[in-house]
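Pasted below: run05.pdb, PDB, C-alpha atoms.
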```
ATOM      1  CA  PRO F   1       0.000   0.000   0.000
ATOM      2  CA  TYR F   2       1.039   3.579  -0.616
ATOM      3  CA  GLY F   3       2.097   5.634   2.372
ATOM      4  CA  MET F   4       5.057   7.184   4.165
ATOM      5  CA  PRO F   5       7.227   4.020   4.043
ATOM      6  CA  ILE F   6       7.163   3.772   0.241
ATOM      7  CA  ASP F   7       7.845   7.503  -0.033
ATOM      8  CA  MET F   8      10.891   7.012   2.209
ATOM      9  CA  TRP F   9      12.030   4.134  -0.027
ATOM     10  CA  SER F  10      11.668   6.387  -3.065
ATOM     11  CA  LEU F  11      13.708   9.096  -1.377
ATOM     12  CA  GLY F  12      16.432   6.554  -0.657
ATOM     13  CA  CYS F  13      16.476   5.493  -4.322
ATOM     14  CA  VAL F  14      16.809   9.125  -5.419
ATOM     15  CA  ALA F  15      19.612   9.786  -2.913
ATOM     16  CA  ALA F  16      21.459   6.657  -4.062
ATOM     17  CA  GLU F  17      21.096   7.667  -7.718
ATOM     18  CA  LEU F  18      22.424  11.169  -7.010
ATOM     19  CA  PHE F  19      25.469   9.606  -5.402
ATOM     20  CA  LEU F  20      26.058   6.805  -7.919
ATOM     21  CA  GLY F  21      25.086   8.653 -11.078
ATOM     22  CA  LEU F  22      23.004   5.598 -12.031
ATOM     23  CA  PRO F  23      19.752   4.045 -10.749
ATOM     24  CA  ILE F  24      20.466   1.599  -7.947
ATOM     25  CA  PHE F  25      17.790  -0.785  -9.295
ATOM     26  CA  PRO F  26      17.538  -0.291 -13.092
ATOM     27  CA  GLY F  27      15.078  -3.152 -13.592
ATOM     28  CA  SER F  28      13.686  -3.876 -17.049
ATOM     29  CA  SER F  29      10.794  -5.950 -15.687
ATOM     30  CA  GLU F  30       9.168  -6.689 -12.351
ATOM     31  CA  TYR F  31      11.129  -9.915 -11.990
ATOM     32  CA  ASP F  32      14.388  -8.189 -12.923
ATOM     33  CA  LEU F  33      13.687  -5.454 -10.379
ATOM     34  CA  LEU F  34      12.856  -7.888  -7.577
ATOM     35  CA  SER F  35      15.918 -10.016  -8.280
ATOM     36  CA  ARG F  36      18.142  -6.935  -8.050
ATOM     37  CA  ILE F  37      16.547  -5.854  -4.772
ATOM     38  CA  CYS F  38      16.903  -9.317  -3.248
ATOM     39  CA  GLU F  39      20.481  -9.585  -4.469
ATOM     40  CA  THR F  40      21.525  -6.146  -3.246
ATOM     41  CA  ILE F  41      19.536  -5.575  -0.062
ATOM     42  CA  GLY F  42      18.093  -8.977   0.802
ATOM     43  CA  THR F  43      14.922 -11.022   0.465
ATOM     44  CA  PRO F  44      11.838  -9.508   2.137
ATOM     45  CA  PRO F  45      10.939 -11.236   5.428
ATOM     46  CA  ALA F  46       8.629 -14.231   5.112
ATOM     47  CA  ASP F  47       5.846 -12.703   7.213
ATOM     48  CA  MET F  48       5.813  -9.741   4.799
ATOM     49  CA  LEU F  49       5.724 -12.057   1.770
ATOM     50  CA  GLY F  50       3.047 -14.147   3.438
ATOM     51  CA  ARG F  51       0.715 -11.135   3.490
ATOM     52  CA  ALA F  52       1.415 -10.059  -0.092
ATOM     53  CA  PRO F  53      -1.358 -11.113  -2.527
ATOM     54  CA  ASN F  54       0.928 -12.026  -5.449
ATOM     55  CA  THR F  55       3.955 -13.518  -3.736
ATOM     56  CA  ASN F  56       3.481 -16.787  -5.631
ATOM     57  CA  LYS F  57       4.139 -14.991  -8.910
ATOM     58  CA  PHE F  58       7.789 -14.475  -7.996
ATOM     59  CA  PHE F  59       8.618 -16.633  -4.970
ATOM     60  CA  THR F  60       8.354 -20.305  -4.124
ATOM     61  CA  ARG F  61       7.544 -21.557  -0.659
ATOM     62  CA  VAL F  62       9.869 -24.227   0.630
ATOM     63  CA  ASP F  63       9.762 -26.312   3.783
ATOM     64  CA  VAL F  64      13.181 -26.716   5.358
ATOM     65  CA  GLY F  65      14.571 -27.029   8.826
ATOM     66  CA  PHE F  66      14.850 -23.771  10.748
ATOM     67  CA  ASN F  67      18.592 -24.314  11.028
ATOM     68  CA  ASP F  68      19.014 -23.741   7.294
ATOM     69  CA  SER F  69      21.213 -20.667   6.902
ATOM     70  CA  SER F  70      20.855 -19.994   3.179
ATOM     71  CA  SER F  71      20.895 -16.234   2.566
ATOM     72  CA  SER F  72      18.602 -16.668  -0.441
ATOM     73  CA  LEU F  73      15.740 -17.789   1.777
ATOM     74  CA  ALA F  74      13.380 -15.524   3.668
ATOM     75  CA  SER F  75      12.342 -17.117   6.952
ATOM     76  CA  THR F  76       9.439 -16.236   9.190
ATOM     77  CA  SER F  77      10.025 -14.339  12.408
ATOM     78  CA  ASP F  78       8.839 -17.403  14.322
ATOM     79  CA  GLU F  79      11.977 -19.461  14.876
ATOM     80  CA  THR F  80       9.973 -22.688  15.239
ATOM     81  CA  SER F  81       8.387 -22.333  11.818
ATOM     82  CA  SER F  82       9.792 -24.152   8.784
ATOM     83  CA  SER F  83       8.078 -21.962   6.173
ATOM     84  CA  LYS F  84      10.433 -20.005   3.948
ATOM     85  CA  TYR F  85      10.299 -18.228   0.614
ATOM     86  CA  LYS F  86      12.841 -18.213  -2.167
ATOM     87  CA  LEU F  87      12.887 -16.021  -5.247
ATOM     88  CA  MET F  88      12.406 -18.123  -8.375
ATOM     89  CA  SER F  89      15.338 -18.475 -10.703
ATOM     90  CA  LEU F  90      15.007 -16.822 -14.090
ATOM     91  CA  ARG F  91      14.437 -20.232 -15.682
ATOM     92  CA  GLU F  92      11.716 -21.111 -13.162
ATOM     93  CA  PHE F  93       9.978 -17.773 -13.620
ATOM     94  CA  GLU F  94      10.011 -17.995 -17.415
ATOM     95  CA  ALA F  95       8.772 -21.589 -17.279
ATOM     96  CA  ARG F  96       5.848 -20.519 -15.089
ATOM     97  CA  THR F  97       4.918 -17.486 -17.183
ATOM     98  CA  GLY F  98       5.603 -19.142 -20.521
ATOM     99  CA  LYS F  99       7.454 -16.156 -21.961
ATOM    100  CA  ARG F 100      10.836 -14.478 -21.969
ATOM    101  CA  THR F 101      11.529 -11.955 -19.238
ATOM    102  CA  ALA F 102      13.335  -8.684 -19.903
ATOM    103  CA  MET F 103      16.581  -8.462 -17.941
ATOM    104  CA  GLY F 104      18.508  -5.186 -17.917
ATOM    105  CA  LYS F 105      22.227  -4.561 -17.957
ATOM    106  CA  LYS F 106      24.119  -4.557 -14.684
ATOM    107  CA  TYR F 107      26.116  -1.359 -14.273
ATOM    108  CA  PHE F 108      27.904  -2.184 -11.034
ATOM    109  CA  LYS F 109      30.751  -4.616 -10.486
ATOM    110  CA  TYR F 110      29.460  -5.558  -7.049
ATOM    111  CA  THR F 111      26.055  -6.751  -5.896
ATOM    112  CA  GLU F 112      26.091  -6.084  -2.138
ATOM    113  CA  PHE F 113      24.773  -2.631  -1.263
ATOM    114  CA  SER F 114      27.739  -1.779   0.978
ATOM    115  CA  ASP F 115      30.231  -2.842  -1.709
ATOM    116  CA  ILE F 116      28.496  -0.742  -4.365
ATOM    117  CA  ILE F 117      28.636   2.382  -2.208
ATOM    118  CA  ALA F 118      32.230   1.748  -1.121
ATOM    119  CA  SER F 119      33.452   1.134  -4.688
ATOM    120  CA  ILE F 120      32.721   4.657  -5.924
ATOM    121  CA  PRO F 121      35.964   6.674  -6.033
ATOM    122  CA  TYR F 122      36.336   9.760  -3.910
ATOM    123  CA  LYS F 123      36.454  13.153  -5.524
ATOM    124  CA  ALA F 124      39.996  14.254  -6.317
ATOM    125  CA  SER F 125      41.651  16.015  -3.401
ATOM    126  CA  THR F 126      42.752  19.634  -3.715
ATOM    127  CA  LEU F 127      45.162  19.419  -0.779
ATOM    128  CA  ASP F 128      48.924  19.685  -1.052
ATOM    129  CA  PRO F 129      50.168  16.029  -1.075
ATOM    130  CA  SER F 130      53.158  17.075   1.006
ATOM    131  CA  ASP F 131      50.878  18.066   3.891
ATOM    132  CA  GLU F 132      50.561  14.524   5.238
ATOM    133  CA  GLU F 133      48.596  15.482   8.321
ATOM    134  CA  ALA F 134      45.954  17.318   6.312
ATOM    135  CA  VAL F 135      45.755  14.486   3.777
ATOM    136  CA  GLU F 136      45.232  11.880   6.505
ATOM    137  CA  GLU F 137      42.573  14.021   8.178
ATOM    138  CA  GLU F 138      40.755  14.403   4.881
ATOM    139  CA  LYS F 139      40.844  10.634   4.352
ATOM    140  CA  ARG F 140      39.407  10.079   7.819
ATOM    141  CA  GLN F 141      36.625  12.589   7.286
ATOM    142  CA  ARG F 142      35.757  11.071   3.918
ATOM    143  CA  MET F 143      35.552   7.584   5.401
ATOM    144  CA  VAL F 144      33.274   8.795   8.175
ATOM    145  CA  GLU F 145      31.153  10.708   5.678
ATOM    146  CA  ARG F 146      30.848   7.703   3.358
ATOM    147  CA  SER F 147      29.961   5.391   6.252
ATOM    148  CA  SER F 148      27.344   7.826   7.544
ATOM    149  CA  PHE F 149      25.821   8.168   4.089
ATOM    150  CA  TYR F 150      25.595   4.385   3.737
ATOM    151  CA  ASP F 151      23.886   4.232   7.136
ATOM    152  CA  LEU F 152      21.416   6.862   5.942
ATOM    153  CA  LEU F 153      20.625   4.877   2.786
ATOM    154  CA  THR F 154      20.132   1.592   4.608
ATOM    155  CA  GLY F 155      17.754   3.293   7.017
ATOM    156  CA  MET F 156      15.663   4.753   4.203
ATOM    157  CA  MET F 157      15.808   1.558   2.139
ATOM    158  CA  GLU F 158      15.162  -1.023   4.844
ATOM    159  CA  ILE F 159      13.351  -3.829   3.016
ATOM    160  CA  ASP F 160      10.726  -4.190   5.768
ATOM    161  CA  PRO F 161       8.527  -1.053   5.691
ATOM    162  CA  SER F 162       7.642  -1.474   9.368
ATOM    163  CA  GLN F 163      11.347  -1.125  10.231
ATOM    164  CA  ARG F 164      12.155   1.617   7.713
ATOM    165  CA  TRP F 165      13.189   5.037   8.971
ATOM    166  CA  THR F 166      10.545   7.708   9.281
ATOM    167  CA  ALA F 167      10.836  11.397   8.416
ATOM    168  CA  ASN F 168      11.465  12.184  12.089
ATOM    169  CA  ALA F 169      14.466   9.855  12.102
ATOM    170  CA  LEU F 170      16.041  11.868   9.282
ATOM    171  CA  LYS F 171      15.857  15.238  11.003
ATOM    172  CA  PRO F 172      19.211  15.154  12.839
ATOM    173  CA  SER F 173      21.409  14.291   9.857
ATOM    174  CA  GLY F 174      19.371  13.510   6.767
ATOM    175  CA  ARG F 175      19.268  16.965   5.224
ATOM    176  CA  CYS F 176      23.047  17.312   5.394
ATOM    177  CA  PHE F 177      23.726  14.147   3.408
ATOM    178  CA  LEU F 178      20.929  14.649   0.894
ATOM    179  CA  MET F 179      22.259  18.102   0.060
ATOM    180  CA  ARG F 180      25.870  16.912  -0.234
ATOM    181  CA  ALA F 181      25.310  13.495  -1.889
ATOM    182  CA  SER F 182      26.059  14.719  -5.398
ATOM    183  CA  ALA F 183      29.241  16.441  -4.178
ATOM    184  CA  LEU F 184      30.816  13.335  -2.643
ATOM    185  CA  THR F 185      32.074  12.161  -6.024
ATOM    186  CA  SER F 186      32.796  13.783  -9.349
ATOM    187  CA  SER F 187      30.945  12.679 -12.491
ATOM    188  CA  GLN F 188      34.158  11.753 -14.299
ATOM    189  CA  ASP F 189      34.968   9.220 -11.560
ATOM    190  CA  PHE F 190      32.017   6.933 -12.355
ATOM    191  CA  PRO F 191      33.488   3.678 -13.699
ATOM    192  CA  MET F 192      30.481   2.726 -15.832
ATOM    193  CA  LYS F 193      27.996   4.660 -17.937
ATOM    194  CA  PRO F 194      24.639   3.560 -19.334
ATOM    195  CA  LYS F 195      24.340   3.456 -23.113
ATOM    196  CA  GLN F 196      21.217   5.608 -22.992
ATOM    197  CA  PRO F 197      20.971   9.020 -21.262
ATOM    198  CA  LEU F 198      19.536   8.753 -17.763
ATOM    199  CA  ARG F 199      16.575  10.940 -18.680
ATOM    200  CA  LYS F 200      15.317   8.189 -20.971
ATOM    201  CA  ARG F 201      15.299   5.610 -18.170
ATOM    202  CA  LYS F 202      12.277   5.029 -15.992
ATOM    203  CA  PRO F 203      13.150   6.117 -12.419
ATOM    204  CA  SER F 204      13.887   3.043 -10.330
ATOM    205  CA  CYS F 205      11.956   4.247  -7.292
ATOM    206  CA  TRP F 206       8.688   4.536  -9.223
ATOM    207  CA  THR F 207       9.243   1.134 -10.788
ATOM    208  CA  PHE F 208       9.482  -0.345  -7.315
ATOM    209  CA  ARG F 209       6.150   1.236  -6.405
ATOM    210  CA  SER F 210       4.411  -0.888  -9.021
ATOM    211  CA  ALA F 211       6.315  -3.977  -7.901
ATOM    212  CA  THR F 212       5.252  -3.586  -4.268
ATOM    213  CA  CYS F 213       1.641  -3.717  -5.369
ATOM    214  CA  THR F 214       2.057  -6.910  -7.370
ATOM    215  CA  PHE F 215       4.164  -9.385  -5.382
TER     216      PHE F 215
END
```
For this file, produce the structure as structure tokens.
Amino acid sequence: PYGMPIDMWSLGCVAAELFLGLPIFPGSSEYDLLSRICETIGTPPADMLGRAPNTNKFFTRVDVGFNDSSSSLASTSDETSSSKYKLMSLREFEARTGKRTAMGKKYFKYTEFSDIIASIPYKASTLDPSDEEAVEEEKRQRMVERSSFYDLLTGMMEIDPSQRWTANALKPSGRCFLMRASALTSSQDFPMKPKQPLRKRKPSCWTFRSATCTF
């Protein structure tokens, strides 16, 4: 359902795109989008999937022991339950739908959210390289800034909407990072570019809105 949590998710997607220069989830189809989200952030919790009306379109329910530690499975919050969900493979999904599924290009070398954020080069320093103390202090500040920005993104893009940050949680530090996100890197530092201009791509955050209503 639409509400503050999905708006916060959208804001997180916009902030991530300002920082990366590319959509964090450039899905070409609902399945492509969900697979990227599960791969990057994690599979939605099983109790959340259990309430969704169209979970069976994209996920399979499996019965395994609660000691199974596979990261690709979403388990229920009840530790005694053996019900888990797993995102279908591309082959399984296409076999069920009976048609080919559009899969977009992957622009990032890494798949984990933290690795994607950490892999973006820092903006070139303007300090005198001979001033070692100033250079080290700048490195420290940049590391703290990058870590804080990642923490901000993970709060806004928590997969479980009931655990996602609210607008009140952003008041102490959110505005600072949203205003400075585009300044943390320079455009020439981005290692990969899409073949099409970004303005021709459908914004990833709005794509996710449609996906949340269908799975």
Nearest to Ile116 of chain F by atom-to-atom distance, counting only C-alpha atoms, from F:Leu90, F:Leu22, F:Met8, F:Val14: F:Leu22
Using atom CA of Leu87 of chain F and atom CA of Asn56 of chain F as the two end points, give the distance in Å to one decimal.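 Calculated distance between atom CA of Leu87 of chain F and atom CA of Asn56 of chain F is 9.4 Å.
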Just say which residues the PyMOL selection byres ((chain F and resi 29) around 9) picks in this file, as a list in words.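 This file, filtered by the PyMOL selection byres ((chain F and resi 29) around 9), leaves Gly27, Ser28, Glu30, Tyr31, Asp32, Leu33, Leu34, Thr101, Ala102, Met103, Gly104 and Thr207 of chain F.
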Spatial neighbours of Thr166 of chain F, 10 Å, all atoms listed in the file, chain gap at least 3 places, as a ChimeraX atom specification: /F:4-5,7-8,155-156,161-163,169-171
Residue IDs satisfying the PyMOL selection byres ((chain F and resi 129-146) around 10), as a list in words: Ile117, Ala118, Ile120, Tyr122, Lys123, Ser125, Thr126, Leu127, Asp128, Ser147, Ser148, Phe149, Tyr150, Asp151, Leu152, Phe177, Ala181 and Leu184 of chain F
What is the atom CA of Ser114 of chain F-atom CA of Ala52 of chain F distance in Å, reported with one decimal? 27.6 Å
Using the incomplete input, complete segment 87-98 of chain F to the level of all heavy atoms; output as a PDB file, in the frame of the given file.
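As written to disk, out-v5.pdb reads:
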```pdb
ATOM      1  N   LEU F  87      13.166 -16.618  -3.940  1.00  0.00           N
ATOM      2  CA  LEU F  87      12.887 -16.021  -5.247  1.00  0.00           C
ATOM      3  C   LEU F  87      13.147 -17.060  -6.337  1.00  0.00           C
ATOM      4  O   LEU F  87      14.169 -17.749  -6.320  1.00  0.00           O
ATOM      5  CB  LEU F  87      13.773 -14.796  -5.471  1.00  0.00           C
ATOM      6  CG  LEU F  87      13.562 -14.038  -6.790  1.00  0.00           C
ATOM      7  CD1 LEU F  87      12.212 -13.332  -6.783  1.00  0.00           C
ATOM      8  CD2 LEU F  87      14.691 -13.031  -7.008  1.00  0.00           C
ATOM      9  N   MET F  88      12.228 -17.177  -7.271  1.00  0.00           N
ATOM     10  CA  MET F  88      12.406 -18.123  -8.375  1.00  0.00           C
ATOM     11  C   MET F  88      13.637 -17.748  -9.195  1.00  0.00           C
ATOM     12  O   MET F  88      13.983 -16.571  -9.316  1.00  0.00           O
ATOM     13  CB  MET F  88      11.184 -18.107  -9.299  1.00  0.00           C
ATOM     14  CG  MET F  88       9.895 -18.576  -8.686  1.00  0.00           C
ATOM     15  SD  MET F  88       8.557 -18.475  -9.919  1.00  0.00           S
ATOM     16  CE  MET F  88       7.137 -18.774  -8.854  1.00  0.00           C
ATOM     17  N   SER F  89      14.262 -18.744  -9.757  1.00  0.00           N
ATOM     18  CA  SER F  89      15.338 -18.475 -10.703  1.00  0.00           C
ATOM     19  C   SER F  89      14.706 -17.949 -11.986  1.00  0.00           C
ATOM     20  O   SER F  89      13.495 -18.082 -12.205  1.00  0.00           O
ATOM     21  CB  SER F  89      16.128 -19.748 -10.995  1.00  0.00           C
ATOM     22  OG  SER F  89      15.314 -20.691 -11.682  1.00  0.00           O
ATOM     23  N   LEU F  90      15.525 -17.345 -12.827  1.00  0.00           N
ATOM     24  CA  LEU F  90      15.007 -16.822 -14.090  1.00  0.00           C
ATOM     25  C   LEU F  90      14.360 -17.941 -14.908  1.00  0.00           C
ATOM     26  O   LEU F  90      13.294 -17.747 -15.498  1.00  0.00           O
ATOM     27  CB  LEU F  90      16.126 -16.164 -14.888  1.00  0.00           C
ATOM     28  CG  LEU F  90      15.747 -15.598 -16.257  1.00  0.00           C
ATOM     29  CD1 LEU F  90      14.649 -14.546 -16.127  1.00  0.00           C
ATOM     30  CD2 LEU F  90      16.984 -15.020 -16.952  1.00  0.00           C
ATOM     31  N   ARG F  91      14.989 -19.098 -14.926  1.00  0.00           N
ATOM     32  CA  ARG F  91      14.437 -20.232 -15.682  1.00  0.00           C
ATOM     33  C   ARG F  91      13.087 -20.659 -15.114  1.00  0.00           C
ATOM     34  O   ARG F  91      12.137 -20.929 -15.865  1.00  0.00           O
ATOM     35  CB  ARG F  91      15.413 -21.407 -15.657  1.00  0.00           C
ATOM     36  CG  ARG F  91      14.878 -22.659 -16.325  1.00  0.00           C
ATOM     37  CD  ARG F  91      15.878 -23.799 -16.300  1.00  0.00           C
ATOM     38  NE  ARG F  91      17.030 -23.513 -17.127  1.00  0.00           N
ATOM     39  CZ  ARG F  91      18.018 -24.390 -17.337  1.00  0.00           C
ATOM     40  NH1 ARG F  91      17.986 -25.585 -16.760  1.00  0.00           N
ATOM     41  NH2 ARG F  91      19.028 -24.060 -18.124  1.00  0.00           N
ATOM     42  N   GLU F  92      12.983 -20.716 -13.796  1.00  0.00           N
ATOM     43  CA  GLU F  92      11.716 -21.111 -13.162  1.00  0.00           C
ATOM     44  C   GLU F  92      10.621 -20.096 -13.459  1.00  0.00           C
ATOM     45  O   GLU F  92       9.476 -20.467 -13.757  1.00  0.00           O
ATOM     46  CB  GLU F  92      11.909 -21.231 -11.651  1.00  0.00           C
ATOM     47  CG  GLU F  92      12.761 -22.407 -11.227  1.00  0.00           C
ATOM     48  CD  GLU F  92      13.087 -22.382  -9.747  1.00  0.00           C
ATOM     49  OE1 GLU F  92      13.097 -21.273  -9.148  1.00  0.00           O
ATOM     50  OE2 GLU F  92      13.344 -23.456  -9.178  1.00  0.00           O
ATOM     51  N   PHE F  93      10.980 -18.808 -13.382  1.00  0.00           N
ATOM     52  CA  PHE F  93       9.978 -17.773 -13.620  1.00  0.00           C
ATOM     53  C   PHE F  93       9.487 -17.800 -15.065  1.00  0.00           C
ATOM     54  O   PHE F  93       8.287 -17.688 -15.324  1.00  0.00           O
ATOM     55  CB  PHE F  93      10.560 -16.397 -13.280  1.00  0.00           C
ATOM     56  CG  PHE F  93       9.586 -15.274 -13.431  1.00  0.00           C
ATOM     57  CD1 PHE F  93       8.577 -15.081 -12.502  1.00  0.00           C
ATOM     58  CD2 PHE F  93       9.665 -14.397 -14.506  1.00  0.00           C
ATOM     59  CE1 PHE F  93       7.659 -14.037 -12.642  1.00  0.00           C
ATOM     60  CE2 PHE F  93       8.762 -13.357 -14.658  1.00  0.00           C
ATOM     61  CZ  PHE F  93       7.755 -13.184 -13.716  1.00  0.00           C
ATOM     62  N   GLU F  94      10.402 -17.951 -16.007  1.00  0.00           N
ATOM     63  CA  GLU F  94      10.011 -17.995 -17.415  1.00  0.00           C
ATOM     64  C   GLU F  94       9.218 -19.250 -17.729  1.00  0.00           C
ATOM     65  O   GLU F  94       8.289 -19.223 -18.553  1.00  0.00           O
ATOM     66  CB  GLU F  94      11.256 -17.912 -18.300  1.00  0.00           C
ATOM     67  CG  GLU F  94      11.925 -16.541 -18.258  1.00  0.00           C
ATOM     68  CD  GLU F  94      13.138 -16.450 -19.165  1.00  0.00           C
ATOM     69  OE1 GLU F  94      13.718 -17.505 -19.500  1.00  0.00           O
ATOM     70  OE2 GLU F  94      13.506 -15.312 -19.548  1.00  0.00           O
ATOM     71  N   ALA F  95       9.536 -20.358 -17.067  1.00  0.00           N
ATOM     72  CA  ALA F  95       8.772 -21.589 -17.279  1.00  0.00           C
ATOM     73  C   ALA F  95       7.347 -21.431 -16.769  1.00  0.00           C
ATOM     74  O   ALA F  95       6.391 -21.940 -17.377  1.00  0.00           O
ATOM     75  CB  ALA F  95       9.464 -22.760 -16.582  1.00  0.00           C
ATOM     76  N   ARG F  96       7.180 -20.707 -15.650  1.00  0.00           N
ATOM     77  CA  ARG F  96       5.848 -20.519 -15.089  1.00  0.00           C
ATOM     78  C   ARG F  96       5.022 -19.541 -15.923  1.00  0.00           C
ATOM     79  O   ARG F  96       3.821 -19.752 -16.135  1.00  0.00           O
ATOM     80  CB  ARG F  96       5.942 -20.016 -13.647  1.00  0.00           C
ATOM     81  CG  ARG F  96       4.603 -19.653 -13.030  1.00  0.00           C
ATOM     82  CD  ARG F  96       4.686 -19.427 -11.547  1.00  0.00           C
ATOM     83  NE  ARG F  96       4.975 -20.664 -10.825  1.00  0.00           N
ATOM     84  CZ  ARG F  96       4.886 -20.798  -9.502  1.00  0.00           C
ATOM     85  NH1 ARG F  96       4.532 -19.759  -8.760  1.00  0.00           N
ATOM     86  NH2 ARG F  96       5.165 -21.934  -8.916  1.00  0.00           N
ATOM     87  N   THR F  97       5.656 -18.487 -16.409  1.00  0.00           N
ATOM     88  CA  THR F  97       4.918 -17.486 -17.183  1.00  0.00           C
ATOM     89  C   THR F  97       4.774 -17.863 -18.645  1.00  0.00           C
ATOM     90  O   THR F  97       3.895 -17.357 -19.340  1.00  0.00           O
ATOM     91  CB  THR F  97       5.613 -16.118 -17.092  1.00  0.00           C
ATOM     92  OG1 THR F  97       6.954 -16.223 -17.604  1.00  0.00           O
ATOM     93  CG2 THR F  97       5.658 -15.638 -15.639  1.00  0.00           C
ATOM     94  N   GLY F  98       5.664 -18.717 -19.128  1.00  0.00           N
ATOM     95  CA  GLY F  98       5.603 -19.142 -20.521  1.00  0.00           C
ATOM     96  C   GLY F  98       6.113 -18.115 -21.508  1.00  0.00           C
ATOM     97  O   GLY F  98       5.796 -18.190 -22.699  1.00  0.00           O
TER      98      GLY F  98
END
```
